[in-house]
$ cat start.cif   # mmCIF, C-alpha atoms and all ligand atoms
data_entry
#
loop_
_atom_site.label_atom_id
_atom_site.label_comp_id
_atom_site.auth_asym_id
_atom_site.auth_seq_id
_atom_site.Cartn_x
_atom_site.Cartn_y
_atom_site.Cartn_z
CA MET A 1 6.13 41.27 -18.67
CA GLY A 2 3.43 38.75 -17.72
CA THR A 3 0.68 38.65 -15.13
CA ILE A 4 0.46 37.85 -11.43
CA SER A 5 -2.50 36.04 -9.85
CA TRP A 6 -3.66 37.49 -6.56
CA VAL A 7 -6.25 36.91 -3.87
CA LYS A 8 -7.56 39.75 -1.73
CA GLY A 9 -8.50 39.36 1.92
CA HIS A 10 -8.90 41.31 5.14
CA GLY A 11 -9.06 41.01 8.91
CA THR A 12 -11.27 43.73 10.45
CA GLU A 13 -10.66 45.70 7.22
CA ASN A 14 -6.86 45.63 7.47
CA ASP A 15 -6.52 44.43 3.87
CA PHE A 16 -3.92 42.37 2.05
CA VAL A 17 -2.99 41.06 -1.37
CA LEU A 18 -2.04 37.38 -1.08
CA LEU A 19 0.43 35.94 -3.57
CA HIS A 20 0.71 32.17 -3.96
CA ASP A 21 4.42 31.38 -4.28
CA PRO A 22 4.97 28.03 -2.50
CA ASP A 23 8.42 27.48 -3.98
CA GLY A 24 9.63 31.06 -3.52
CA THR A 25 10.31 31.68 -7.21
CA MET A 26 8.65 35.13 -7.44
CA ARG A 27 10.84 38.27 -7.52
CA LEU A 28 8.92 40.36 -5.00
CA ASP A 29 10.73 43.69 -4.84
CA GLU A 30 9.64 46.93 -3.17
CA GLY A 31 8.40 48.43 -6.44
CA LEU A 32 6.11 45.48 -7.15
CA VAL A 33 4.67 45.57 -3.60
CA ARG A 34 3.97 49.31 -3.94
CA GLU A 35 2.22 48.80 -7.31
CA LEU A 36 0.08 45.92 -6.01
CA CYS A 37 -0.94 47.93 -2.92
CA HIS A 38 -1.61 51.20 -4.77
CA ARG A 39 -5.32 51.95 -4.39
CA ARG A 40 -5.70 53.54 -7.84
CA ARG A 41 -3.06 51.90 -10.03
CA GLY A 42 -2.97 48.47 -8.40
CA VAL A 43 -5.17 46.01 -6.51
CA GLY A 44 -5.11 48.21 -3.39
CA ALA A 45 -4.15 47.00 0.09
CA ASP A 46 -2.35 47.83 3.33
CA GLY A 47 0.20 45.12 2.61
CA VAL A 48 1.20 41.95 0.80
CA LEU A 49 1.26 38.41 2.23
CA ARG A 50 3.37 36.07 0.16
CA VAL A 51 2.38 32.44 0.80
CA VAL A 52 5.65 30.55 0.64
CA ARG A 53 7.12 27.37 2.10
CA SER A 54 9.53 28.23 4.94
CA ALA A 55 12.24 26.07 3.40
CA ALA A 56 12.13 28.13 0.19
CA LEU A 57 13.14 31.51 1.66
CA ASP A 58 16.24 32.66 3.56
CA ASP A 59 14.00 34.47 6.08
CA GLY A 60 11.85 31.35 6.57
CA ARG A 61 14.49 28.62 6.66
CA PRO A 62 15.20 28.91 10.43
CA TYR A 63 11.53 27.93 11.04
CA ALA A 64 11.27 25.17 8.42
CA ASP A 65 11.40 22.30 10.96
CA GLU A 66 8.47 23.74 12.92
CA ALA A 67 6.34 25.51 10.32
CA GLU A 68 5.80 24.36 6.73
CA TRP A 69 4.45 27.79 5.71
CA PHE A 70 6.06 31.22 6.05
CA MET A 71 4.19 34.53 5.94
CA ASP A 72 6.38 36.88 3.91
CA PHE A 73 4.74 40.13 5.03
CA ARG A 74 5.35 43.50 3.35
CA ASN A 75 3.93 46.91 4.17
CA ALA A 76 2.29 48.95 1.39
CA ASP A 77 5.49 51.03 0.98
CA GLY A 78 7.42 47.84 0.16
CA SER A 79 9.21 47.51 3.52
CA THR A 80 9.27 44.18 5.32
CA GLY A 81 7.47 43.82 8.65
CA GLU A 82 8.33 41.34 11.39
CA MET A 83 4.76 40.42 12.25
CA CYS A 84 1.14 41.17 11.40
CA GLY A 85 -1.66 39.98 13.70
CA ASN A 86 -4.49 40.51 11.22
CA GLY A 87 -2.35 39.24 8.36
CA VAL A 88 -1.50 35.93 10.03
CA ARG A 89 -5.22 35.12 10.46
CA VAL A 90 -5.92 35.96 6.81
CA PHE A 91 -2.87 33.89 5.80
CA ALA A 92 -4.10 30.86 7.80
CA HIS A 93 -7.63 31.25 6.40
CA TYR A 94 -6.19 31.29 2.86
CA LEU A 95 -4.32 28.02 3.53
CA ARG A 96 -7.52 26.47 4.92
CA VAL A 97 -9.69 27.58 1.97
CA HIS A 98 -7.13 26.20 -0.48
CA GLY A 99 -7.01 22.83 1.31
CA LEU A 100 -3.34 23.22 2.23
CA VAL A 101 -3.73 22.69 5.98
CA ASP A 102 -5.81 20.62 8.40
CA PRO A 103 -8.08 23.08 10.28
CA SER A 104 -8.70 20.61 13.12
CA VAL A 105 -5.16 21.11 14.41
CA GLU A 106 -3.16 24.17 15.39
CA LEU A 107 -1.26 25.70 12.47
CA PRO A 108 2.32 26.91 13.03
CA VAL A 109 3.17 29.84 10.75
CA GLY A 110 6.73 31.13 10.30
CA THR A 111 7.08 34.93 10.54
CA ARG A 112 10.06 37.27 10.93
CA ALA A 113 9.07 37.46 14.62
CA GLY A 114 9.26 33.65 15.03
CA VAL A 115 6.66 30.90 14.75
CA LYS A 116 3.06 31.89 15.60
CA ARG A 117 0.41 29.24 16.24
CA VAL A 118 -3.08 29.79 14.79
CA ARG A 119 -6.22 27.97 15.94
CA PHE A 120 -9.35 27.76 13.81
CA GLU A 121 -12.25 28.33 16.21
CA ASP A 122 -15.74 26.83 15.72
CA ASP A 123 -17.38 30.23 15.23
CA SER A 124 -15.21 30.99 12.15
CA GLN A 125 -12.92 33.21 14.21
CA LEU A 126 -9.19 32.52 14.38
CA SER A 127 -7.01 32.77 17.49
CA VAL A 128 -3.29 33.45 17.34
CA ASP A 129 -0.73 32.86 20.08
CA MET A 130 1.16 36.13 19.68
CA GLY A 131 3.85 35.24 22.21
CA ARG A 132 5.07 37.35 25.12
CA PRO A 133 5.07 41.13 24.74
CA ARG A 134 8.16 43.09 25.69
CA LEU A 135 7.86 46.44 27.44
CA PRO A 136 11.18 48.09 26.63
CA GLY A 137 10.41 51.02 29.07
CA PRO A 138 10.63 52.66 31.53
CA SER A 139 11.98 55.51 29.36
CA ALA A 140 9.23 58.05 28.66
CA VAL A 141 8.23 58.62 25.06
CA MET A 142 6.03 61.40 23.71
CA VAL A 143 4.05 61.13 20.48
CA SER A 144 2.70 64.14 18.61
CA ALA A 145 0.00 64.63 15.99
CA ALA A 146 -2.24 67.54 14.95
CA GLY A 147 -0.20 69.95 17.07
CA ARG A 148 -0.76 67.99 20.29
CA SER A 149 1.43 65.60 22.29
CA TRP A 150 0.75 62.62 24.57
CA PRO A 151 2.93 60.34 26.69
CA ALA A 152 3.13 56.89 25.11
CA VAL A 153 4.15 53.42 26.28
CA PRO A 154 6.49 51.45 24.00
CA VAL A 155 5.42 47.82 23.47
CA ASP A 156 7.24 45.22 21.39
CA MET A 157 4.88 42.60 19.94
CA GLY A 158 7.54 41.31 17.58
CA ASN A 159 7.19 44.68 15.86
CA PRO A 160 7.44 48.10 17.56
CA HIS A 161 4.43 49.97 18.96
CA ALA A 162 3.75 53.09 21.02
CA VAL A 163 0.41 53.30 22.84
CA ALA A 164 -0.99 56.73 23.77
CA PHE A 165 -4.24 57.32 25.65
CA VAL A 166 -6.26 60.25 24.29
CA ASP A 167 -9.49 61.88 25.49
CA ASP A 168 -11.18 61.47 22.12
CA LEU A 169 -10.23 59.42 19.06
CA ALA A 170 -10.59 62.59 16.95
CA ASP A 171 -7.78 64.32 18.92
CA PRO A 172 -4.88 63.08 16.71
CA GLY A 173 -6.61 64.65 13.65
CA PRO A 174 -6.76 63.04 10.19
CA LEU A 175 -3.42 61.16 10.63
CA VAL A 176 -2.46 61.90 7.04
CA GLU A 177 1.04 62.88 8.15
CA GLN A 178 3.29 60.51 10.09
CA PRO A 179 2.92 61.35 13.81
CA THR A 180 6.29 62.21 15.35
CA TRP A 181 7.87 60.87 18.54
CA SER A 182 10.56 61.93 20.93
CA PRO A 183 13.21 61.09 21.73
CA SER A 184 13.74 60.12 18.10
CA GLU A 185 16.21 57.37 19.13
CA ALA A 186 13.34 55.54 20.92
CA PHE A 187 12.31 53.81 17.67
CA PRO A 188 15.29 53.68 15.28
CA LYS A 189 13.37 51.42 12.84
CA GLY A 190 10.11 53.40 13.01
CA VAL A 191 7.01 52.56 15.02
CA ASN A 192 3.30 51.79 14.79
CA ILE A 193 1.39 54.30 16.93
CA GLU A 194 -1.93 53.50 18.62
CA PHE A 195 -4.25 56.20 19.98
CA ALA A 196 -6.63 54.60 22.47
CA VAL A 197 -9.66 55.51 24.57
CA TRP A 198 -11.52 53.55 27.24
CA ARG A 199 -15.07 52.50 26.38
CA GLY A 200 -15.79 50.54 29.58
CA SER A 201 -14.37 47.82 31.75
CA ARG A 202 -11.89 45.78 29.66
CA HIS A 203 -13.20 47.52 26.58
CA LEU A 204 -11.22 50.06 24.55
CA ALA A 205 -11.24 51.62 21.09
CA MET A 206 -8.23 52.68 19.06
CA ARG A 207 -6.96 54.28 15.88
CA VAL A 208 -3.57 53.38 14.48
CA HIS A 209 -0.94 54.95 12.26
CA GLU A 210 1.08 52.04 10.88
CA ARG A 211 4.74 52.16 9.99
CA GLY A 212 5.09 51.72 6.24
CA VAL A 213 1.40 52.26 5.51
CA GLY A 214 -0.38 55.24 7.17
CA GLU A 215 -3.67 55.12 9.04
CA THR A 216 -5.31 51.70 8.63
CA ARG A 217 -8.72 50.35 9.67
CA SER A 218 -7.18 47.88 12.12
CA CYS A 219 -3.93 46.48 13.47
CA GLY A 220 -3.77 43.16 15.33
CA THR A 221 -0.37 43.67 16.95
CA GLY A 222 -1.57 47.20 17.79
CA ALA A 223 -4.71 45.86 19.50
CA CYS A 224 -2.51 43.49 21.53
CA SER A 225 -0.27 46.41 22.54
CA VAL A 226 -3.27 48.47 23.66
CA ALA A 227 -4.62 45.52 25.72
CA VAL A 228 -1.21 44.95 27.36
CA VAL A 229 -0.97 48.60 28.42
CA ALA A 230 -4.65 48.65 29.51
CA ALA A 231 -4.09 45.54 31.67
CA ALA A 232 -1.06 47.19 33.28
CA VAL A 233 -3.19 50.27 34.05
CA ASP A 234 -6.04 48.10 35.40
CA HIS A 235 -3.72 46.27 37.76
CA LEU A 236 -1.56 49.22 38.80
CA ALA A 237 -3.32 49.46 42.15
CA ASP A 238 -2.65 45.85 43.15
CA GLN A 239 0.96 46.18 41.88
CA GLN A 240 0.48 43.01 39.85
CA VAL A 241 3.52 42.58 37.63
CA ASN A 242 2.07 39.80 35.48
CA LEU A 243 -0.51 40.01 32.73
CA PRO A 244 -3.86 38.89 34.21
CA ALA A 245 -4.29 35.27 33.05
CA GLY A 246 -7.77 34.50 31.72
CA GLU A 247 -8.79 38.15 31.31
CA ALA A 248 -10.02 39.29 27.89
CA TYR A 249 -10.10 42.81 26.49
CA ARG A 250 -12.34 43.91 23.65
CA ILE A 251 -10.55 46.35 21.34
CA ASP A 252 -12.74 48.20 18.83
CA VAL A 253 -11.04 49.41 15.67
CA PRO A 254 -12.57 51.38 12.78
CA GLY A 255 -12.94 48.10 10.82
CA GLY A 256 -14.52 45.96 13.55
CA SER A 257 -13.65 44.43 16.87
CA LEU A 258 -10.85 42.19 18.19
CA THR A 259 -10.44 40.23 21.41
CA VAL A 260 -7.13 40.05 23.26
CA SER A 261 -6.66 37.65 26.16
CA PHE A 262 -3.76 36.60 28.35
CA ARG A 263 -2.53 33.12 29.24
CA ALA A 264 -0.91 32.03 32.48
CA ASP A 265 2.45 31.75 30.68
CA GLN A 266 2.09 35.48 29.80
CA HIS A 267 1.42 34.84 26.13
CA VAL A 268 -1.01 37.20 24.44
CA VAL A 269 -3.80 35.62 22.35
CA LEU A 270 -5.47 37.61 19.56
CA THR A 271 -8.88 36.49 18.29
CA GLY A 272 -10.75 37.88 15.30
CA PRO A 273 -12.17 37.20 11.86
CA ALA A 274 -10.48 36.63 8.49
CA VAL A 275 -12.17 36.97 5.11
CA LEU A 276 -11.18 36.41 1.47
CA THR A 277 -13.01 38.83 -0.80
CA ALA A 278 -11.73 38.69 -4.39
CA ARG A 279 -9.28 37.13 -6.79
CA GLY A 280 -7.81 38.16 -10.10
CA GLU A 281 -4.79 38.79 -12.26
CA ILE A 282 -2.76 41.96 -12.61
CA ASP A 283 -0.96 42.80 -15.82
CA LEU A 284 2.60 43.84 -15.14
N1 LIG A 301 -1.49 45.58 10.62
C1 LIG A 301 -0.58 44.67 11.22
C2 LIG A 301 0.73 45.22 11.65
C3 LIG A 301 1.50 45.64 10.45
C4 LIG A 301 2.96 45.84 10.68
C5 LIG A 301 3.39 47.23 10.72
N2 LIG A 301 2.96 48.11 9.71
C6 LIG A 301 4.89 47.23 10.91
O1 LIG A 301 5.67 47.68 10.03
O2 LIG A 301 5.32 46.78 11.98
C7 LIG A 301 -1.24 43.85 12.31
O3 LIG A 301 -2.41 43.52 12.14
O4 LIG A 301 -0.58 43.50 13.29
#
$ encode --input "start.cif" --output "structure tokens"
Amino acid sequence: MGTISWVKGHGTENDFVLLHDPDGTMRLDEGLVRELCHRRRGVGADGVLRVVRSAALDDGRPYADEAEWFMDFRNADGSTGEMCGNGVRVFAHYLRVHGLVDPSVELPVGTRAGVKRVRFEDDSQLSVDMGRPRLPGPSAVMVSAAGRSWPAVPVDMGNPHAVAFVDDLADPGPLVEQPTWSPSEAFPKGVNIEFAVWRGSRHLAMRVHERGVGETRSCGTGACSVAVVAAAVDHLADQQVNLPAGEAYRIDVPGGSLTVSFRADQHVVLTGPAVLTARGEIDL
């Protein structure tokens, strides 16, 4: 059967197993991802990041001219995800630690949601140009958990999100079950659901139930979605239709804190830490 070498890392405690497969020779099927991510039988993680050259994978080939490296991201249940904001920082940090990229220049990373550019900041944080969000509204969506329901705003950050404001982060209960949404057609491929509260001016906190995983300690694309909706609420009165360039929102998650800012070209920038914690081999 053989063994697989792995590295473990996290971004604000959203944790990943990284697999080094530059030439794309590994057979990474759903069952293997589930075993690696299993917190008792496997290494334990919210997802897998396969480190592969864009040219070596069908999914990565369209980006090969722009980005040498492709983040093959999988959720803990084995499903593929388009994008992962915490994952892409951990992925870039891995490449830096292994001497595979020059940290003094911006790093383009291929993802299923297109090429994302990562900057290594001086204070050991990493910033990611997450691109422009899409607000597929105005159709109203309701999300329900723990016997309660809230209106939610759909946001597309490359992957689907629904942002609901709650009075208290405990309101959605333990989030062991998948929260439901209506109408069910709103998210045919499933959705990541953020429950958010205001903590102050441009400062919010959130919990998230991730598609393909369950409740996690953080979600980068989720934090961006919360900041986008918060900015829309903040600027409702002045009827500003654009994201407020230069403004930054602090988004607290159970595993730490992330910063989301907006550029004049309406791109969302996510800033936060990335850490590698362990390495080893798993016997298959
Ligand atoms: N935790 C990630 C988002 C993960 C993707 C999600 N589960 C999906 O299926 O879309 C992040 O940090 O953005």
$ closest_atom_pairs --input "start.cif" --of "chain A" --to "ligand LIG 301 (chain A)" --cutoff "6 Å" --atoms "all atoms listed in the file" --output "JSON lines"
{"residue": "A:Asn75", "atom": "CA", "partner": "A:LIG301", "partner_atom": "N2", "distance": 5.8}
{"residue": "A:Gly81", "atom": "CA", "partner": "A:LIG301", "partner_atom": "O1", "distance": 4.5}
{"residue": "A:Met83", "atom": "CA", "partner": "A:LIG301", "partner_atom": "C4", "distance": 5.9}
{"residue": "A:Cys84", "atom": "CA", "partner": "A:LIG301", "partner_atom": "O4", "distance": 3.5}
{"residue": "A:Gly85", "atom": "CA", "partner": "A:LIG301", "partner_atom": "O4", "distance": 3.7}
{"residue": "A:Asn86", "atom": "CA", "partner": "A:LIG301", "partner_atom": "O3", "distance": 3.8}
{"residue": "A:Gly87", "atom": "CA", "partner": "A:LIG301", "partner_atom": "O3", "distance": 5.7}
{"residue": "A:Asn159", "atom": "CA", "partner": "A:LIG301", "partner_atom": "O2", "distance": 4.8}
{"residue": "A:Glu210", "atom": "CA", "partner": "A:LIG301", "partner_atom": "N2", "distance": 4.5}
{"residue": "A:Arg211", "atom": "CA", "partner": "A:LIG301", "partner_atom": "N2", "distance": 4.4}
{"residue": "A:Gly212", "atom": "CA", "partner": "A:LIG301", "partner_atom": "N2", "distance": 5.4}
{"residue": "A:Cys219", "atom": "CA", "partner": "A:LIG301", "partner_atom": "O3", "distance": 3.6}
{"residue": "A:Gly220", "atom": "CA", "partner": "A:LIG301", "partner_atom": "O3", "distance": 3.5}
{"residue": "A:Thr221", "atom": "CA", "partner": "A:LIG301", "partner_atom": "O4", "distance": 3.7}
{"residue": "A:Gly222", "atom": "CA", "partner": "A:LIG301", "partner_atom": "O4", "distance": 5.9}
$ closest_residue --input "start.cif" --among "A:Ala186, A:Ala56, A:Val88, A:Ala113" --to "A:Asp15" --atoms "only C-alpha atoms"
A:Val88
$ residues_around --input "start.cif" --residues "A:Glu68" --least-positions-apart "6" --cutoff "9 Å" --atoms "only C-alpha atoms" --output "number ranges by chain"
A: 52-55, 108-110
$ closest_residue --input "start.cif" --among "A:Val268, A:Ala92, A:Ala164, A:Ala76" --to "A:Gly214" --atoms "all atoms listed in the file"
A:Ala76
$ residues_around --input "start.cif" --residues "stretch 278-283 of chain A" --least-positions-apart "5" --cutoff "8 Å" --atoms "only C-alpha atoms" --output "PDB file with C-alpha atoms, in the coordinates of the input"
ATOM      1  CA  MET A   1       6.130  41.270 -18.670  1.00  0.00           C
ATOM      2  CA  GLY A   2       3.430  38.750 -17.720  1.00  0.00           C
ATOM      3  CA  THR A   3       0.680  38.650 -15.130  1.00  0.00           C
ATOM      4  CA  ILE A   4       0.460  37.850 -11.430  1.00  0.00           C
ATOM      5  CA  SER A   5      -2.500  36.040  -9.850  1.00  0.00           C
ATOM      6  CA  TRP A   6      -3.660  37.490  -6.560  1.00  0.00           C
ATOM      7  CA  VAL A   7      -6.250  36.910  -3.870  1.00  0.00           C
ATOM      8  CA  LYS A   8      -7.560  39.750  -1.730  1.00  0.00           C
ATOM      9  CA  GLY A   9      -8.500  39.360   1.920  1.00  0.00           C
ATOM     10  CA  GLY A  42      -2.970  48.470  -8.400  1.00  0.00           C
ATOM     11  CA  VAL A  43      -5.170  46.010  -6.510  1.00  0.00           C
TER      12      VAL A  43
END
$ atom_distance --input "start.cif" --atom1 "atom CA of A:Asp234" --atom2 "atom CA of A:Met142"
21.4 Å
$ closest_residue --input "start.cif" --among "A:His161, A:Arg199, A:Arg34, A:Arg217" --to "A:His10" --atoms "only C-alpha atoms"
A:Arg217
$ build_atoms --input "start.cif" --residues "stretch 251-272 of chain A" --atoms "N, CA and C atoms" --output "compact mmCIF listing (two decimals), in the coordinates of the input"
# COMPACT_ATOMS: atom_id res chain seq x y z
N ILE A 251 -11.17 45.15 21.93
CA ILE A 251 -10.55 46.35 21.34
C ILE A 251 -11.30 46.66 20.05
N ASP A 252 -12.03 47.77 20.04
CA ASP A 252 -12.74 48.20 18.83
C ASP A 252 -11.78 48.98 17.94
N VAL A 253 -11.84 48.69 16.66
CA VAL A 253 -11.04 49.41 15.67
C VAL A 253 -12.01 49.94 14.62
N PRO A 254 -11.60 50.87 13.78
CA PRO A 254 -12.57 51.38 12.78
C PRO A 254 -13.17 50.28 11.93
N GLY A 255 -12.44 49.18 11.69
CA GLY A 255 -12.94 48.10 10.82
C GLY A 255 -13.60 46.95 11.56
N GLY A 256 -13.87 47.07 12.84
CA GLY A 256 -14.52 45.96 13.55
C GLY A 256 -14.08 45.87 14.99
N SER A 257 -13.95 44.64 15.46
CA SER A 257 -13.65 44.43 16.87
C SER A 257 -12.76 43.20 17.03
N LEU A 258 -11.78 43.29 17.93
CA LEU A 258 -10.85 42.19 18.19
C LEU A 258 -10.88 41.85 19.67
N THR A 259 -10.53 40.61 20.00
CA THR A 259 -10.44 40.23 21.41
C THR A 259 -8.99 39.85 21.71
N VAL A 260 -8.50 40.36 22.83
CA VAL A 260 -7.13 40.05 23.26
C VAL A 260 -7.21 39.46 24.66
N SER A 261 -6.66 38.26 24.83
CA SER A 261 -6.66 37.65 26.16
C SER A 261 -5.24 37.25 26.54
N PHE A 262 -5.09 36.90 27.83
CA PHE A 262 -3.76 36.60 28.35
C PHE A 262 -3.75 35.20 28.93
N ARG A 263 -2.67 34.47 28.68
CA ARG A 263 -2.53 33.12 29.24
C ARG A 263 -1.64 33.17 30.48
N ALA A 264 -1.69 32.08 31.25
CA ALA A 264 -0.91 32.03 32.48
C ALA A 264 0.59 32.14 32.19
N ASP A 265 1.02 31.66 31.00
CA ASP A 265 2.45 31.75 30.68
C ASP A 265 2.82 33.12 30.10
N GLN A 266 1.87 34.09 30.22
CA GLN A 266 2.09 35.48 29.80
C GLN A 266 2.07 35.67 28.29
N HIS A 267 1.59 34.65 27.57
CA HIS A 267 1.42 34.84 26.13
C HIS A 267 0.13 35.62 25.88
N VAL A 268 0.16 36.42 24.84
CA VAL A 268 -1.01 37.20 24.44
C VAL A 268 -1.71 36.45 23.31
N VAL A 269 -3.04 36.33 23.40
CA VAL A 269 -3.80 35.62 22.35
C VAL A 269 -4.75 36.63 21.67
N LEU A 270 -4.63 36.70 20.36
CA LEU A 270 -5.47 37.61 19.56
C LEU A 270 -6.52 36.80 18.83
N THR A 271 -7.79 37.21 18.97
CA THR A 271 -8.88 36.49 18.29
C THR A 271 -9.67 37.46 17.42
N GLY A 272 -9.97 37.04 16.20
CA GLY A 272 -10.75 37.88 15.30
C GLY A 272 -11.05 37.15 14.01
